[in-house]
Structures are given as C-alpha cells and as structure tokens.
>>> print(open('work-v8.txt').read())   # compact mmCIF, C-alpha atoms
# COMPACT_ATOMS: atom_id res chain seq x y z
CA MET A 13 124.68 142.01 86.62
CA ASP A 14 124.78 145.17 88.77
CA SER A 15 127.64 144.05 90.99
CA SER A 16 131.23 143.37 89.97
CA ILE A 17 132.97 140.05 89.51
CA ILE A 18 135.29 139.29 92.39
CA GLU A 19 136.72 136.10 90.89
CA SER A 20 136.17 133.87 87.86
CA TRP A 21 137.38 130.46 86.79
CA GLN A 22 137.57 128.49 83.56
CA ALA A 23 136.22 124.96 84.06
CA GLY A 24 136.20 122.84 80.92
CA LYS A 25 133.68 124.20 78.41
CA CYS A 26 132.22 126.52 81.02
CA GLU A 27 133.19 129.60 82.99
CA ALA A 28 132.17 130.28 86.57
CA ALA A 29 132.03 133.83 87.91
CA LEU A 30 131.33 134.96 91.47
CA TYR A 31 129.93 138.46 91.97
CA GLU A 32 130.16 140.77 94.97
CA ASP A 33 126.51 140.21 95.89
CA GLY A 34 127.06 136.45 96.25
CA VAL A 35 125.61 135.46 92.88
CA MET A 36 127.55 132.81 91.02
CA VAL A 37 126.93 132.41 87.29
CA ILE A 38 128.01 129.40 85.25
CA SER A 39 128.02 130.06 81.52
CA GLY A 40 129.26 128.27 78.42
CA ASP A 41 128.16 125.62 75.97
CA GLY A 42 128.40 122.03 77.26
CA ASP A 43 129.47 120.33 80.48
CA LEU A 44 131.25 121.88 83.43
CA LYS A 45 134.64 120.33 84.12
CA ARG A 46 134.46 117.18 86.22
CA PHE A 47 136.01 117.45 89.70
CA LYS A 48 136.86 114.64 92.11
CA ASP A 49 134.98 116.35 94.95
CA PHE A 50 133.99 119.83 96.12
CA LYS A 51 137.41 120.54 97.64
CA GLU A 52 138.94 120.18 94.19
CA THR A 53 136.73 122.89 92.65
CA PRO A 54 138.49 126.26 92.20
CA TRP A 55 135.68 128.02 94.10
CA SER A 56 135.84 125.80 97.19
CA GLY A 57 137.69 128.54 99.09
CA ARG A 58 134.72 130.87 98.55
CA ALA A 59 131.99 128.36 99.43
CA GLY A 60 130.60 130.56 102.18
CA GLU A 61 130.21 133.52 99.81
CA ILE A 62 127.96 131.76 97.27
CA LYS A 63 124.33 132.76 97.97
CA LYS A 64 122.65 132.29 94.61
CA LEU A 65 123.54 130.04 91.69
CA ILE A 66 122.50 130.74 88.10
CA ILE A 67 123.34 128.10 85.52
CA GLU A 68 122.84 129.52 82.04
CA PRO A 69 120.73 127.75 79.37
CA LYS A 70 123.45 126.10 77.28
CA VAL A 71 125.16 124.38 80.20
CA THR A 72 124.24 120.69 79.94
CA GLU A 73 125.70 119.05 83.05
CA ILE A 74 127.27 119.96 86.37
CA TYR A 75 129.13 116.97 87.78
CA LYS A 76 128.68 115.54 91.24
CA THR A 77 129.53 117.36 94.49
CA ALA A 78 130.25 120.64 92.66
CA PHE A 79 128.38 122.64 95.33
CA ASP A 80 128.29 120.15 98.19
CA GLY A 81 128.46 122.07 101.46
CA CYS A 82 127.80 125.61 100.19
CA MET A 83 126.00 126.40 103.41
CA ASN A 84 124.85 129.91 102.41
CA LEU A 85 123.48 128.94 99.00
CA ALA A 86 119.77 129.84 99.20
CA SER A 87 118.60 129.92 95.57
CA VAL A 88 119.31 127.89 92.44
CA GLU A 89 118.26 128.43 88.81
CA LEU A 90 118.76 125.34 86.66
CA PRO A 91 118.87 125.28 82.83
CA VAL A 92 116.41 123.42 80.61
CA ALA A 93 119.31 121.72 78.82
CA MET A 94 120.20 119.74 81.94
CA ASN A 95 118.88 116.16 81.96
CA LYS A 96 120.37 114.97 85.25
CA ILE A 97 120.91 116.44 88.70
CA SER A 98 124.24 114.82 89.56
CA ASP A 99 125.09 112.90 92.72
CA PHE A 100 125.48 115.06 95.85
CA LEU A 101 125.35 118.20 93.70
CA PHE A 102 123.66 120.29 96.37
CA ALA A 103 124.15 118.07 99.40
CA ASN A 104 124.58 119.90 102.72
CA CYS A 105 123.43 123.24 101.27
CA THR A 106 121.74 124.05 104.54
CA SER A 107 120.31 127.45 103.47
CA LEU A 108 118.60 126.16 100.33
CA LYS A 109 114.82 126.64 100.68
CA GLU A 110 113.29 126.03 97.25
CA VAL A 111 114.32 124.34 94.02
CA ILE A 112 112.42 124.15 90.76
CA ILE A 113 113.75 121.34 88.62
CA PRO A 114 113.11 122.05 84.93
CA GLU A 115 111.17 119.81 82.57
CA GLY A 116 113.62 117.58 80.72
CA VAL A 117 115.49 116.33 83.77
CA THR A 118 115.06 112.55 83.87
CA GLU A 119 117.18 111.59 86.88
CA ILE A 120 117.99 113.04 90.29
CA GLY A 121 121.26 111.47 91.41
CA SER A 122 122.08 109.94 94.76
CA GLY A 123 122.29 112.38 97.66
CA ALA A 124 121.64 115.37 95.39
CA PHE A 125 119.82 117.34 98.10
CA SER A 126 120.68 115.28 101.18
CA ASN A 127 120.85 117.17 104.45
CA CYS A 128 119.40 120.36 102.95
CA ILE A 129 117.73 120.97 106.28
CA ASN A 130 115.90 124.16 105.25
CA LEU A 131 114.58 122.89 101.91
CA GLU A 132 110.81 123.40 102.09
CA ARG A 133 109.71 122.91 98.50
CA ILE A 134 110.89 120.89 95.55
CA ASP A 135 109.13 120.78 92.18
CA ILE A 136 109.83 117.45 90.50
CA PRO A 137 108.87 117.58 86.79
CA SER A 138 106.91 114.95 84.89
CA THR A 139 110.06 113.90 83.00
CA VAL A 140 111.83 112.48 86.07
CA THR A 141 111.89 108.68 86.02
CA VAL A 142 114.63 107.96 88.58
CA ILE A 143 115.17 109.34 92.09
CA GLY A 144 118.44 107.98 93.45
CA GLU A 145 119.51 106.87 96.89
CA SER A 146 119.30 109.37 99.78
CA VAL A 147 118.29 112.20 97.43
CA PHE A 148 116.28 114.05 100.08
CA ASN A 149 117.57 112.21 103.15
CA LYS A 150 117.33 114.45 106.24
CA CYS A 151 115.55 117.29 104.44
CA ILE A 152 113.69 117.92 107.68
CA SER A 153 111.76 121.00 106.45
CA LEU A 154 110.40 119.42 103.26
CA LYS A 155 106.61 119.34 103.58
CA ASN A 156 105.02 118.59 100.22
CA VAL A 157 106.29 116.11 97.69
CA ASN A 158 104.42 115.29 94.49
CA LEU A 159 105.95 112.30 92.78
CA PRO A 160 105.49 112.40 88.97
CA GLU A 161 103.38 109.75 87.26
CA ASN A 162 106.28 108.60 85.06
CA LEU A 163 108.55 107.86 88.02
CA LYS A 164 109.96 104.32 87.75
CA SER A 165 112.37 103.99 90.66
CA ILE A 166 113.08 105.51 94.08
CA GLY A 167 116.36 104.61 95.78
CA HIS A 168 117.21 103.52 99.32
CA PHE A 169 116.74 106.21 102.00
CA ALA A 170 115.44 108.66 99.35
CA PHE A 171 113.07 110.43 101.75
CA ALA A 172 114.26 108.98 105.06
CA PHE A 173 114.18 111.35 108.03
CA CYS A 174 112.10 113.93 106.12
CA SER A 175 110.31 114.71 109.34
CA SER A 176 107.89 117.32 107.93
CA ILE A 177 106.34 115.36 105.02
CA GLU A 178 102.65 114.72 105.75
CA LYS A 179 101.47 112.62 102.80
CA ILE A 180 103.02 110.47 100.11
CA ILE A 181 101.53 108.83 97.03
CA VAL A 182 103.70 106.38 95.09
CA PRO A 183 102.47 106.49 91.45
CA GLN A 184 101.09 103.62 89.40
CA ASN A 185 104.17 103.47 87.14
CA THR A 186 106.69 103.20 89.96
CA LYS A 187 108.13 99.68 89.95
CA TYR A 188 110.59 99.93 92.82
CA PHE A 189 111.37 101.87 95.94
CA GLY A 190 114.34 101.04 98.10
CA GLU A 191 114.94 100.08 101.70
CA TRP A 192 114.22 102.72 104.36
CA CYS A 193 112.77 104.88 101.57
CA PHE A 194 110.30 106.78 103.76
CA ALA A 195 111.57 105.69 107.18
CA ASN A 196 111.34 108.05 110.13
CA CYS A 197 109.13 110.59 108.36
CA GLU A 198 107.71 111.60 111.71
CA LYS A 199 104.74 113.67 110.45
CA LEU A 200 103.72 111.35 107.62
CA GLY A 201 100.04 110.67 108.26
CA ALA A 202 98.96 108.87 105.09
CA ALA A 203 100.67 106.73 102.46
CA GLU A 204 99.29 105.22 99.28
CA ILE A 205 101.03 102.73 97.02
CA LYS A 206 99.11 102.82 93.74
CA GLY A 207 99.98 99.59 92.02
CA GLY A 208 103.22 99.12 90.11
CA ILE A 209 105.22 97.95 93.13
CA SER A 210 105.62 94.21 93.74
CA VAL A 211 107.66 94.48 96.96
CA ILE A 212 107.32 96.88 99.88
CA SER A 213 110.99 97.13 100.76
CA VAL A 214 112.69 96.49 104.09
CA SER A 215 111.92 99.20 106.69
CA ALA A 216 110.15 101.27 104.02
CA PHE A 217 107.95 103.16 106.51
CA ARG A 218 109.72 102.19 109.70
CA GLY A 219 109.40 104.72 112.48
CA CYS A 220 106.70 106.82 110.78
CA VAL A 221 105.13 107.49 114.16
CA SER A 222 102.23 109.63 112.83
CA LEU A 223 101.17 107.26 110.05
CA LYS A 224 97.49 106.44 110.54
CA LYS A 225 96.50 104.90 107.23
CA ALA A 226 98.34 102.98 104.53
CA VAL A 227 96.68 101.95 101.28
CA LEU A 228 98.37 99.14 99.36
CA ALA A 229 97.26 98.26 95.83
CA GLN A 230 96.71 94.81 94.36
CA GLY A 231 99.84 93.39 92.75
CA ILE A 232 102.09 93.69 95.77
CA LYS A 233 103.53 90.23 96.46
CA GLU A 234 105.79 90.83 99.43
CA ILE A 235 106.02 93.15 102.42
CA GLY A 236 109.64 93.33 103.56
CA GLU A 237 110.77 93.00 107.16
CA TYR A 238 110.18 95.95 109.51
CA ALA A 239 108.23 97.76 106.74
CA PHE A 240 105.80 99.39 109.21
CA SER A 241 107.63 98.66 112.45
CA GLY A 242 107.26 101.39 115.05
CA CYS A 243 104.29 103.06 113.32
CA GLY A 244 102.65 103.61 116.69
CA ASN A 245 99.60 105.45 115.32
CA LEU A 246 98.82 103.10 112.44
CA GLU A 247 95.13 102.28 112.68
CA GLU A 248 94.26 101.06 109.21
CA ILE A 249 96.07 99.06 106.57
CA ASN A 250 94.84 96.72 103.87
CA ILE A 251 97.00 93.77 102.90
CA PRO A 252 96.10 92.90 99.28
CA ASP A 253 95.15 89.34 98.34
CA SER A 254 98.20 89.31 96.04
CA VAL A 255 100.60 89.32 99.04
CA LYS A 256 102.25 85.93 99.59
CA LYS A 257 105.06 86.85 101.95
CA ILE A 258 105.18 89.11 105.00
CA GLY A 259 108.60 89.59 106.61
CA ARG A 260 109.64 89.62 110.24
CA SER A 261 108.46 92.39 112.57
CA VAL A 262 106.51 94.16 109.81
CA PHE A 263 103.91 95.46 112.29
CA ASN A 264 106.05 95.33 115.41
CA GLY A 265 104.97 98.06 117.82
CA CYS A 266 101.89 99.15 115.85
CA VAL A 267 100.03 99.62 119.12
CA LYS A 268 96.86 101.16 117.62
CA LEU A 269 96.31 98.66 114.82
CA LYS A 270 92.93 97.11 115.62
CA GLN A 271 92.30 94.87 112.65
CA VAL A 272 94.34 93.18 109.96
CA SER A 273 93.49 90.49 107.41
CA ILE A 274 96.11 87.95 106.43
CA PRO A 275 95.55 86.92 102.80
CA PHE A 276 95.27 83.32 101.68
CA GLY A 277 98.58 82.24 100.17
CA VAL A 278 100.77 83.50 103.00
CA GLU A 279 102.54 80.44 104.43
CA THR A 280 104.63 81.86 107.26
CA LEU A 281 103.90 84.40 109.99
CA ASP A 282 107.41 85.59 110.73
CA ILE A 283 109.30 86.47 113.91
CA GLY A 284 107.72 89.32 115.88
CA LEU A 285 105.24 90.07 113.10
CA PHE A 286 102.60 91.56 115.41
CA ARG A 287 104.71 91.92 118.55
CA GLY A 288 103.36 94.54 120.94
CA ASN A 289 100.16 95.24 118.96
CA GLU A 290 98.08 96.09 121.99
CA ALA A 291 94.87 97.01 120.12
CA LEU A 292 94.49 93.79 118.09
CA ASN A 293 91.64 91.81 119.63
CA ASN A 294 90.99 89.05 117.11
CA ILE A 295 92.56 87.62 113.99
CA TYR A 296 91.87 84.88 111.48
CA ILE A 297 94.87 82.92 110.24
CA PRO A 298 94.08 81.31 106.87
CA ILE A 299 94.54 77.66 105.98
CA SER A 300 97.62 78.42 103.87
CA VAL A 301 99.67 79.30 106.97
CA THR A 302 101.74 76.33 108.14
CA GLU A 303 104.38 78.10 110.26
CA ILE A 304 104.15 80.70 113.00
CA ARG A 305 107.55 81.82 114.21
CA LYS A 306 108.67 82.93 117.65
CA ASP A 307 107.29 86.05 119.29
CA CYS A 308 104.81 86.51 116.45
CA PHE A 309 101.98 87.75 118.71
CA LEU A 310 104.10 88.42 121.79
CA GLY A 311 102.61 91.14 123.97
CA CYS A 312 99.31 91.50 122.11
CA VAL A 313 97.63 92.26 125.42
CA GLY A 314 94.23 93.07 123.88
CA MET A 315 93.95 89.84 121.91
CA ARG A 316 90.82 87.91 122.77
CA GLU A 317 90.45 85.34 120.00
CA ILE A 318 92.61 83.79 117.30
CA ASP A 319 91.31 81.30 114.75
CA ILE A 320 93.97 79.14 113.10
CA ALA A 321 92.30 77.51 110.10
CA GLY A 322 95.15 75.32 108.88
CA ARG A 323 97.39 72.53 110.15
CA LEU A 324 100.57 74.05 111.55
CA LYS A 325 103.89 72.29 111.06
CA THR A 326 105.96 74.65 113.22
CA VAL A 327 105.20 77.07 116.05
CA GLY A 328 108.01 79.11 117.55
CA GLU A 329 108.66 79.84 121.21
CA ASN A 330 106.50 82.48 122.87
CA ALA A 331 104.53 82.94 119.66
CA PHE A 332 101.37 83.71 121.64
CA TYR A 333 102.80 84.87 124.97
CA GLY A 334 101.34 87.92 126.67
CA LEU A 335 97.82 87.76 125.25
CA SER A 336 94.77 88.96 127.16
CA SER A 337 93.83 86.88 130.19
CA GLY A 338 91.05 84.53 129.15
CA SER A 339 92.01 84.62 125.49
CA VAL A 340 91.15 81.69 123.23
CA ILE A 341 93.02 80.20 120.28
CA LYS A 342 90.84 78.00 118.09
CA VAL A 343 92.50 75.28 116.04
CA HIS A 344 91.19 72.54 113.81
CA ASP A 345 93.48 69.56 114.50
CA GLU A 346 95.18 67.79 117.39
CA ASN A 347 98.74 68.31 116.11
CA THR A 348 98.37 72.09 116.04
CA LEU A 349 96.86 71.98 119.52
CA LYS A 350 99.86 70.06 120.83
CA LEU A 351 102.35 72.45 119.23
CA LEU A 352 100.68 75.41 120.88
CA LYS A 353 100.57 73.85 124.32
CA ASP A 354 104.19 72.72 124.19
CA LYS A 355 105.87 76.15 124.11
CA ALA A 356 103.81 78.79 122.37
CA ILE A 357 101.17 79.90 124.88
CA GLU A 358 100.85 80.81 128.55
CA VAL A 359 98.40 78.16 129.73
CA GLN A 360 97.36 80.22 132.75
CA LYS A 361 96.18 83.05 130.45
CA THR A 362 95.35 81.50 127.08
CA GLN A 363 93.22 78.49 126.25
CA ALA A 364 93.94 76.53 123.08
CA VAL A 365 90.98 74.48 121.92
CA ILE A 366 89.75 72.56 118.91
CA ALA A 367 86.98 74.55 117.27
CA GLY A 368 83.53 73.24 118.18
CA GLN A 369 84.80 71.43 121.30
CA GLN A 370 85.23 74.32 123.73
>>> encode(input="work-v8.txt", output="structure tokens")
Amino acid sequence: MDSSIIESWQAGKCEAALYEDGVMVISGDGDLKRFKDFKETPWSGRAGEIKKLIIEPKVTEIYKTAFDGCMNLASVELPVAMNKISDFLFANCTSLKEVIIPEGVTEIGSGAFSNCINLERIDIPSTVTVIGESVFNKCISLKNVNLPENLKSIGHFAFAFCSSIEKIIVPQNTKYFGEWCFANCEKLGAAEIKGGISVISVSAFRGCVSLKKAVLAQGIKEIGEYAFSGCGNLEEINIPDSVKKIGRSVFNGCVKLKQVSIPFGVETLDIGLFRGNEALNNIYIPISVTEIRKDCFLGCVGMREIDIAGRLKTVGENAFYGLSSGSVIKVHDENTLKLLKDKAIEVQKTQAVIAGQQ
C-alpha cells in the first residue's frame, strides 16, 4: 500500500488496518472476530473514513453487521474462501455502487445489502443457493439482476422496493420465494417464473406499477393474496392449469388486464379478486367454482358478459356490483340465479339469466 496505516486492530484470527487513503484491509487466516453489532466493532468510530474494503484471500468469514452503515464505503473486494455473505454485512452502505460476489459463496444472508441506495450492479455467482430476507430491499438503483440457475430459495422482501429493476426471471430450480419478494419494483416490466415454484407468495409483485406481462409455469398450485395487486399496467398473465387456489385481491386494481382464464379446479373466487379491473370485458367461470366472495368483480366497469358454468353455493355481497350497464351474467341453474339476484348484482345495470333462456 502506498499510504500509511492510521490505525489497526486485532480481531480474532484477523487483523484490520485502515490506511490514510480510506482503504481498509482485513488479513489473517480464518474468521474475523464476531461482534454483537457494528457499534461494538473497534473501527466503528472511523466508519465515515472507510472508502474501500479489501478482504484478503485466507479470511473465511466476516460476521454480521461488521460494516453496517459505512456510508462512504464505495468498493468491496471479497475473498474466494468466503462461503457466506453474513446478515446485514453491508446494510446501509449508501455509497456502494458495485459488488462482485466470488464463486464459492452459497448464501447471501438477510439484509446483507439492504438500503444500499446507490448499488447499481451485483454479480451473483452460480454457487449461490439461498438469498435471505430483505437482502436487496430498497436498493433503488439496482437495475439488472441475474438469478443463478442453482438458486433454491429467495426470502421475504428480498428485492422489495428495488425501483430500478426492469426484468426478473426466477429459475427452474427455485422452490420458494417469500412474501413481498418483488413488491413495489416500480420499473419492473416483465416477470417470468420458470417452474420450480408451487406457491406465488403473498404480495409477491404487489405495487409493480410498470409490470405488463407475467409468465407463470405449470406446477404452480397457489397464487397468494395480493400477489399482483396494484399492477396497474398488467395486460397479460397466464394462470396455469395446475393452479387450484387464488387468494383474495390477487388482481385488485389491475386496470389494464383485458383477459384472464380461471383454470378448472379452482373452487373459490376470493374477496376483491378482480376488483377495479376496468378493462376486463368477459370471463368464463369454470364448473369447479362453487363460491364467489364479496366484491370479487366490484367496479369492473368494462365487463359485458360473465358465464358461470357451475352451481354456486355461496355468493358474497356486491360480488358483481359496478359492472357495465347492460351487462349479462349467464348461469346454468335456478339456485345460482337466485343467489345473484338476492345481493350480488345491481339489477338496474346487470341482467342475470339462465343460459339459453335470455
């Protein structure tokens, strides 16, 4: 190093040295000493002076929060010996712009890069199988994310509020992603779930206001509540035949969604499922559906025709309120007709009839 050491510290099997030019070097053979939180680290008093971090090759682990809040840290070099990025390790490092995670890392811990608001690029190696909760939460400058094919799990809020991400592909081998995982990614225009997932989690893409197309692979069995709620530009989504359950308000406020197919096997259309979907103009409800809950189609002002193939047991209040004037709901039995007329439709706007008798 060309500059001089201004302070150094012994920390377990490692030594940390801070140089005049803002470079901090961690050397040694093994793990850095574990600290309760960043305030307990001996370099916490010099947090604002750390601009670049170099972790030398034989260092195997840096424990959680060791550099949380180093607001001037702009560059990080990680060693190949490291197999985990610990929880909140670089959280709130608001000057950090780019990180290359070395091959061999298998897990990125919870909150590791959360609120790194200037982080633009992250290279996630093929060895990573777990991305923890809130790892990139509020990384508002992060644009491109390539998830590795071997990735198994993505935690709650992992990419929530990453308002610059434009596209996401969840790999075939991914078995789980958590609630609010991609929520409020305001520039996300396309999402593809390739096939290993069985459940689209609660609020997974909620508030992704630029999302136009979502591709869901066969094998998905459930779409959790509010999964696509507030996706005001969503125009195209396929619901695989494998889906048997769709939660409440999944497509609430998807005002540009023109067409959707409900697969056979779904039994309940939940509360507010299509509420406010102004562009929907017709829909076929398969024979497997026996319950339509309140507000399901409330405010679908463009709806012209609904065909209910099965015999409904329950229809909630206002389920079909606010449809287009002159709209028609076709049913196939007297009981369903009675349920609709009792409390589910506005008789002055919507006509409920038995198919073939109108």
>>> atom_distance(input="work-v8.txt", atom1="atom CA of A:Val227", atom2="atom CA of A:Phe263")
14.7 Å
>>> residues_around(input="work-v8.txt", residues="stretch 133-150 of chain A", least_positions_apart="4", cutoff="8 Å", atoms="only C-alpha atoms", output="number ranges by chain")
A: 100, 109-129, 154-175, 190
>>> atom_distance(input="work-v8.txt", atom1="atom CA of A:Val313", atom2="atom CA of A:Leu228")
27.0 Å
>>> atom_distance(input="work-v8.txt", atom1="atom CA of A:Ala93", atom2="atom CA of A:Ile180")
29.1 Å
>>> residues_near_point(input="work-v8.txt", point="(97.3, 81.6, 107.0)", cutoff="6 Å", atoms="all atoms listed in the file", output="ChimeraX atom specification")
/A:276,278-279,297-301
>>> write_last_selection(input="work-v8.txt", atoms="C-alpha atoms", output="PDB file, in the coordinates of the input")
ATOM      1  CA  PHE A 276      95.270  83.320 101.680  1.00  0.00           C
ATOM      2  CA  VAL A 278     100.770  83.500 103.000  1.00  0.00           C
ATOM      3  CA  GLU A 279     102.540  80.440 104.430  1.00  0.00           C
ATOM      4  CA  ILE A 297      94.870  82.920 110.240  1.00  0.00           C
ATOM      5  CA  PRO A 298      94.080  81.310 106.870  1.00  0.00           C
ATOM      6  CA  ILE A 299      94.540  77.660 105.980  1.00  0.00           C
ATOM      7  CA  SER A 300      97.620  78.420 103.870  1.00  0.00           C
ATOM      8  CA  VAL A 301      99.670  79.300 106.970  1.00  0.00           C
TER       9      VAL A 301
END
>>> residues_around(input="work-v8.txt", residues="A:Gly236", least_positions_apart="4", cutoff="6 Å", atoms="all atoms listed in the file", output="list in words")
Ile212, Ser213, Val214 and Gly259 of chain A
>>> write_last_selection(input="work-v8.txt", atoms="C-alpha atoms", output="mmCIF file, in the frame of the given file")
data_model
loop_
_atom_site.group_PDB
_atom_site.id
_atom_site.type_symbol
_atom_site.label_atom_id
_atom_site.label_comp_id
_atom_site.auth_asym_id
_atom_site.auth_seq_id
_atom_site.Cartn_x
_atom_site.Cartn_y
_atom_site.Cartn_z
ATOM 1 C CA ILE A 212 107.320 96.880 99.880
ATOM 2 C CA SER A 213 110.990 97.130 100.760
ATOM 3 C CA VAL A 214 112.690 96.490 104.090
ATOM 4 C CA GLY A 259 108.600 89.590 106.610
#
>>> axis_aligned_box(input="work-v8.txt", around="stretch 127-141 of chain A", padding_each_side="3 Å", output="AutoDock Vina command-line options")
--center_x 113.9 --center_y 116.4 --center_z 94.6 --size_x 19.9 --size_y 21.5 --size_z 29.3
>>> residues_around(input="work-v8.txt", residues="stretch 241-255 of chain A", least_positions_apart="4", cutoff="8 Å", atoms="all atoms listed in the file", output="ChimeraX atom specification")
/A:215,217-235,261-278
>>> residues_around(input="work-v8.txt", residues="A:Thr72", least_positions_apart="3", cutoff="10 Å", atoms="all atoms listed in the file", output="list in words")
Cys26, Gly40, Asp41, Gly42, Asp43, Leu44, Ile67, Glu68, Pro69, Tyr75, Leu90, Pro91, Val92, Ala93, Met94, Asn95 and Lys96 of chain A
>>> residues_around(input="work-v8.txt", residues="A:Arg287", least_positions_apart="6", cutoff="6 Å", atoms="all atoms listed in the file", output="list in words")
Asn264, Cys308, Phe309, Leu310 and Gly311 of chain A
>>> closest_residue(input="work-v8.txt", among="A:Asp33, A:Glu89, A:Asp49, A:Glu61", to="A:Leu101", atoms="only C-alpha atoms")
A:Asp49
>>> closest_residue(input="work-v8.txt", among="A:Phe240, A:Phe286, A:Tyr333, A:Phe194", to="A:Gln363", atoms="all atoms listed in the file")
A:Tyr333
>>> decode(input="work-v8.txt", residues="stretch 294-339 of chain A", atoms="C-alpha atoms", output="PDB file, in the first residue's frame")
ATOM      1  CA  ASN A 294     -65.827 -11.030 -20.367  1.00  0.00           C
ATOM      2  CA  ILE A 295     -64.870 -14.024 -18.278  1.00  0.00           C
ATOM      3  CA  TYR A 296     -65.718 -17.707 -18.069  1.00  0.00           C
ATOM      4  CA  ILE A 297     -66.018 -19.176 -14.583  1.00  0.00           C
ATOM      5  CA  PRO A 298     -65.481 -22.958 -14.707  1.00  0.00           C
ATOM      6  CA  ILE A 299     -67.782 -25.574 -13.247  1.00  0.00           C
ATOM      7  CA  SER A 300     -65.400 -26.248 -10.348  1.00  0.00           C
ATOM      8  CA  VAL A 301     -66.129 -22.834  -8.805  1.00  0.00           C
ATOM      9  CA  THR A 302     -68.794 -23.085  -6.099  1.00  0.00           C
ATOM     10  CA  GLU A 303     -68.141 -19.867  -4.159  1.00  0.00           C
ATOM     11  CA  ILE A 304     -67.710 -16.267  -5.237  1.00  0.00           C
ATOM     12  CA  ARG A 305     -66.910 -13.980  -2.337  1.00  0.00           C
ATOM     13  CA  LYS A 306     -67.821 -10.350  -1.770  1.00  0.00           C
ATOM     14  CA  ASP A 307     -66.535  -7.588  -4.025  1.00  0.00           C
ATOM     15  CA  CYS A 308     -64.968 -10.153  -6.350  1.00  0.00           C
ATOM     16  CA  PHE A 309     -65.803  -8.209  -9.544  1.00  0.00           C
ATOM     17  CA  LEU A 310     -66.677  -4.908  -7.878  1.00  0.00           C
ATOM     18  CA  GLY A 311     -66.048  -1.950 -10.164  1.00  0.00           C
ATOM     19  CA  CYS A 312     -65.275  -3.942 -13.319  1.00  0.00           C
ATOM     20  CA  VAL A 313     -66.900  -1.180 -15.344  1.00  0.00           C
ATOM     21  CA  GLY A 314     -65.973  -2.675 -18.736  1.00  0.00           C
ATOM     22  CA  MET A 315     -67.452  -6.095 -18.031  1.00  0.00           C
ATOM     23  CA  ARG A 316     -70.048  -7.089 -20.588  1.00  0.00           C
ATOM     24  CA  GLU A 317     -70.540 -10.818 -20.084  1.00  0.00           C
ATOM     25  CA  ILE A 318     -69.821 -13.427 -17.429  1.00  0.00           C
ATOM     26  CA  ASP A 319     -70.558 -17.116 -17.870  1.00  0.00           C
ATOM     27  CA  ILE A 320     -70.837 -19.104 -14.634  1.00  0.00           C
ATOM     28  CA  ALA A 321     -70.692 -22.771 -15.625  1.00  0.00           C
ATOM     29  CA  GLY A 322     -71.211 -24.382 -12.224  1.00  0.00           C
ATOM     30  CA  ARG A 323     -73.763 -24.417  -9.415  1.00  0.00           C
ATOM     31  CA  LEU A 324     -72.793 -21.800  -6.838  1.00  0.00           C
ATOM     32  CA  LYS A 325     -73.308 -22.488  -3.147  1.00  0.00           C
ATOM     33  CA  THR A 326     -72.312 -19.027  -1.917  1.00  0.00           C
ATOM     34  CA  VAL A 327     -72.174 -15.558  -3.457  1.00  0.00           C
ATOM     35  CA  GLY A 328     -70.911 -12.656  -1.386  1.00  0.00           C
ATOM     36  CA  GLU A 329     -72.340  -9.151  -1.185  1.00  0.00           C
ATOM     37  CA  ASN A 330     -71.591  -6.798  -4.068  1.00  0.00           C
ATOM     38  CA  ALA A 331     -69.721  -9.555  -5.880  1.00  0.00           C
ATOM     39  CA  PHE A 332     -70.825  -8.161  -9.251  1.00  0.00           C
ATOM     40  CA  TYR A 333     -71.576  -4.532  -8.394  1.00  0.00           C
ATOM     41  CA  GLY A 334     -70.399  -1.778 -10.705  1.00  0.00           C
ATOM     42  CA  LEU A 335     -70.335  -3.739 -13.965  1.00  0.00           C
ATOM     43  CA  SER A 336     -71.038  -2.149 -17.336  1.00  0.00           C
ATOM     44  CA  SER A 337     -74.620  -1.013 -17.882  1.00  0.00           C
ATOM     45  CA  GLY A 338     -76.386  -3.712 -19.874  1.00  0.00           C
ATOM     46  CA  SER A 339     -74.022  -6.441 -18.745  1.00  0.00           C
TER      47      SER A 339
END
